[in-house]
Amino acid sequence: MSNFIQFELWKDCNNNCRFCFNKGQSKIDKLKSLVEIKQKILGLNYKNIDGLAFIGGEFFDNQLDDKIIKSEFYKLFDHVNDLLKEKTIDFSFFTSSLIFDKNKYLIPFLNFLKESGNLDKYTLCTSYDLKYRFHDEESRKLWEENVLFLKENYPELKIHTEMILSGFLIDSVLSDSFNLKEFSEKFNTDIDFLEPESGLYYYDKQQMIKDLPDFFPTKKAFIDFIKKEVFVEKFIDLDRFLSPELRANSLYFHYNG
């Protein structure tokens, strides 16, 4: 429950999740975005800011091919590392789908953060879904292998996982085919939940229901889920559950250029 600002560097992502509200959005100039956002954080008044967060899109799945963009990306985090060293901010996090070859861009970036001495102040925020996020079993296994690799090789890096509270997830938990606590322990990650919404890609909720029929939960299933995970399993903390305070105080992103 801290004061922090999120910066959306760009919307581009190769994963193309069917429920993603960024699906079909126009691309932006990544170099311009990196330069612009670096100037923004240079000019911030940090009196009431505890942390900075950087979201996409995706940063590490063939999104940094251009040498200039890669250089600017690292320059941005050079400044974040300076803010962490000076204790101007307490933490930073960045997002990643983790459904790609980690060795090309992610591992060099983590080594860069480790060399700065600040890796323990970073959180990698990712997401997991039982049905619609992974296009096949191979991509699901790749996500799991990547998280376990990070757990073993970069133990100081915190992993945070968000799950959309879809009808399919709730039904899987209620039928005991998926256990949230076991998942959290296996991958050494805390879990928070996002409410399912139709976002910007679909014209309305009914259109999304037609395309993803078990995405929205029923009221009864939702209540049964709360009963089980709060009062029986005692896994979910109601002070955190779907709390808007877990989201950033401000979000900066490009709109119409």
# chains A, B, ... in the order shown; residues from 1 in each chain; ligands from 1
$ closest_atom_pairs --of "region 167-215 of chain A" --to "region 235-254 of chain A" --cutoff "9 Å" --atoms "only C-alpha atoms" --output "tab-separated table"
residue	atom	partner	partner_atom	distance
A:Leu180	CA	A:Phe235	CA	7.7
A:Lys181	CA	A:Phe235	CA	6.5
A:Ile191	CA	A:Ile236	CA	8.9
A:Asp192	CA	A:Phe241	CA	6.9
A:Phe193	CA	A:Leu242	CA	6.0
A:Leu194	CA	A:Leu242	CA	6.3
A:Glu195	CA	A:Leu242	CA	7.0
$ write_last_selection --atoms "all heavy atoms" --output "PDB file, in the first residue's frame"
ATOM      1  N   LEU A 180      -4.550 -22.501  -5.185  1.00  0.00           N
ATOM      2  CA  LEU A 180      -3.839 -21.221  -5.182  1.00  0.00           C
ATOM      3  C   LEU A 180      -2.632 -21.231  -4.255  1.00  0.00           C
ATOM      4  O   LEU A 180      -1.566 -20.731  -4.602  1.00  0.00           O
ATOM      5  CB  LEU A 180      -4.797 -20.094  -4.768  1.00  0.00           C
ATOM      6  CG  LEU A 180      -5.878 -19.731  -5.780  1.00  0.00           C
ATOM      7  CD1 LEU A 180      -6.933 -18.858  -5.125  1.00  0.00           C
ATOM      8  CD2 LEU A 180      -5.268 -19.018  -6.978  1.00  0.00           C
ATOM      9  N   LYS A 181      -2.783 -21.817  -3.076  1.00  0.00           N
ATOM     10  CA  LYS A 181      -1.685 -21.837  -2.110  1.00  0.00           C
ATOM     11  C   LYS A 181      -0.515 -22.675  -2.625  1.00  0.00           C
ATOM     12  O   LYS A 181       0.647 -22.270  -2.518  1.00  0.00           O
ATOM     13  CB  LYS A 181      -2.164 -22.392  -0.766  1.00  0.00           C
ATOM     14  CG  LYS A 181      -1.106 -22.335   0.325  1.00  0.00           C
ATOM     15  CD  LYS A 181      -1.651 -22.826   1.660  1.00  0.00           C
ATOM     16  CE  LYS A 181      -0.571 -22.755   2.741  1.00  0.00           C
ATOM     17  NZ  LYS A 181      -1.091 -23.254   4.047  1.00  0.00           N
ATOM     18  N   ILE A 191       0.194 -13.562  -4.908  1.00  0.00           N
ATOM     19  CA  ILE A 191      -0.853 -13.493  -5.930  1.00  0.00           C
ATOM     20  C   ILE A 191      -1.855 -12.415  -5.560  1.00  0.00           C
ATOM     21  O   ILE A 191      -2.303 -12.323  -4.411  1.00  0.00           O
ATOM     22  CB  ILE A 191      -1.595 -14.842  -6.062  1.00  0.00           C
ATOM     23  CG1 ILE A 191      -0.627 -15.968  -6.433  1.00  0.00           C
ATOM     24  CG2 ILE A 191      -2.709 -14.753  -7.101  1.00  0.00           C
ATOM     25  CD1 ILE A 191      -1.269 -17.349  -6.409  1.00  0.00           C
ATOM     26  N   ASP A 192      -2.177 -11.596  -6.541  1.00  0.00           N
ATOM     27  CA  ASP A 192      -3.308 -10.690  -6.419  1.00  0.00           C
ATOM     28  C   ASP A 192      -4.233 -10.925  -7.595  1.00  0.00           C
ATOM     29  O   ASP A 192      -3.846 -11.548  -8.592  1.00  0.00           O
ATOM     30  CB  ASP A 192      -2.840  -9.225  -6.375  1.00  0.00           C
ATOM     31  CG  ASP A 192      -2.339  -8.837  -4.996  1.00  0.00           C
ATOM     32  OD1 ASP A 192      -3.111  -9.019  -4.025  1.00  0.00           O
ATOM     33  OD2 ASP A 192      -1.205  -8.368  -4.874  1.00  0.00           O
ATOM     34  N   PHE A 193      -5.435 -10.415  -7.470  1.00  0.00           N
ATOM     35  CA  PHE A 193      -6.453 -10.718  -8.463  1.00  0.00           C
ATOM     36  C   PHE A 193      -6.961  -9.451  -9.139  1.00  0.00           C
ATOM     37  O   PHE A 193      -7.054  -8.388  -8.519  1.00  0.00           O
ATOM     38  CB  PHE A 193      -7.627 -11.458  -7.807  1.00  0.00           C
ATOM     39  CG  PHE A 193      -7.219 -12.755  -7.175  1.00  0.00           C
ATOM     40  CD1 PHE A 193      -6.855 -12.808  -5.842  1.00  0.00           C
ATOM     41  CD2 PHE A 193      -7.181 -13.924  -7.914  1.00  0.00           C
ATOM     42  CE1 PHE A 193      -6.469 -14.001  -5.251  1.00  0.00           C
ATOM     43  CE2 PHE A 193      -6.804 -15.127  -7.336  1.00  0.00           C
ATOM     44  CZ  PHE A 193      -6.439 -15.162  -6.000  1.00  0.00           C
ATOM     45  N   LEU A 194      -7.291  -9.609 -10.406  1.00  0.00           N
ATOM     46  CA  LEU A 194      -7.905  -8.540 -11.181  1.00  0.00           C
ATOM     47  C   LEU A 194      -9.353  -8.917 -11.477  1.00  0.00           C
ATOM     48  O   LEU A 194      -9.655 -10.078 -11.758  1.00  0.00           O
ATOM     49  CB  LEU A 194      -7.174  -8.330 -12.506  1.00  0.00           C
ATOM     50  CG  LEU A 194      -5.732  -7.817 -12.443  1.00  0.00           C
ATOM     51  CD1 LEU A 194      -5.117  -7.876 -13.835  1.00  0.00           C
ATOM     52  CD2 LEU A 194      -5.700  -6.394 -11.911  1.00  0.00           C
ATOM     53  N   GLU A 195     -10.250  -7.952 -11.401  1.00  0.00           N
ATOM     54  CA  GLU A 195     -11.636  -8.213 -11.774  1.00  0.00           C
ATOM     55  C   GLU A 195     -11.722  -8.383 -13.295  1.00  0.00           C
ATOM     56  O   GLU A 195     -11.038  -7.690 -14.038  1.00  0.00           O
ATOM     57  CB  GLU A 195     -12.550  -7.078 -11.319  1.00  0.00           C
ATOM     58  CG  GLU A 195     -12.251  -5.716 -11.901  1.00  0.00           C
ATOM     59  CD  GLU A 195     -11.159  -4.958 -11.164  1.00  0.00           C
ATOM     60  OE1 GLU A 195     -10.451  -5.557 -10.333  1.00  0.00           O
ATOM     61  OE2 GLU A 195     -11.019  -3.747 -11.442  1.00  0.00           O
TER      62      GLU A 195
END
$ residues_around --residues "region 34-41 of chain A" --least-positions-apart "4" --cutoff "8 Å" --atoms "only C-alpha atoms" --output "ChimeraX atom specification"
/A:7,9,30,69,72-73,76
$ residues_around --residues "Lys141 (chain A)" --least-positions-apart "4" --cutoff "12 Å" --atoms "only C-alpha atoms" --output "list in words"
Leu98, Ile99, Phe100, Tyr128, Leu130, Phe134, His135, Asp136, Glu137, Glu145, Asn146, Val147 and Leu148 of chain A
$ atom_distance --atom1 "CA of Ser166 (chain A)" --atom2 "CA of Phe59 (chain A)"
25.9 Å
$ select_by_dssp --residues "region 24-214 of chain A" --states "strand (DSSP E)" --output "number ranges by chain"
A: 51-55, 91-95, 122-127, 158-164, 189-194
$ closest_residue --among "A:Glu182, A:Ser71, A:Phe94, A:Ile28" --to "Ile5 (chain A)" --atoms "only C-alpha atoms"
A:Phe94
$ residues_around --residues "Leu174 (chain A)" --least-positions-apart "6" --cutoff "10 Å" --atoms "only C-alpha atoms" --output "list in words"
Phe168, Ala221, Phe222, Asp224, Phe225, Lys228 and Glu229 of chain A
$ select_by_dssp --residues "region 49-166 of chain A" --states "alpha helix (DSSP H)" --output "VMD selection string"
chain A and resid 67 to 85 106 to 116 137 to 153
$ residues_around --residues "region 87-90 of chain A" --least-positions-apart "2" --cutoff "7 Å" --atoms "only C-alpha atoms" --output "list of chain:residue names"
A:Tyr46, A:Ile49, A:Asp50, A:Gly51, A:Leu83, A:Leu84, A:Lys85
$ closest_residue --among "A:Lys11, A:Lys227, A:Arg133, A:Arg140" --to "Phe54 (chain A)" --atoms "only C-alpha atoms"
A:Lys11
$ closest_residue --among "A:Pro213, A:Ser92, A:Cys17, A:Ser177" --to "Ser127 (chain A)" --atoms "only C-alpha atoms"
A:Cys17
$ atom_distance --atom1 "CA of Leu169 (chain A)" --atom2 "CA of Cys13 (chain A)"
23.3 Å
$ closest_residue --among "A:Val173, A:Ser97, A:Ile209, A:Gly117" --to "His160 (chain A)" --atoms "only C-alpha atoms"
A:Ser97
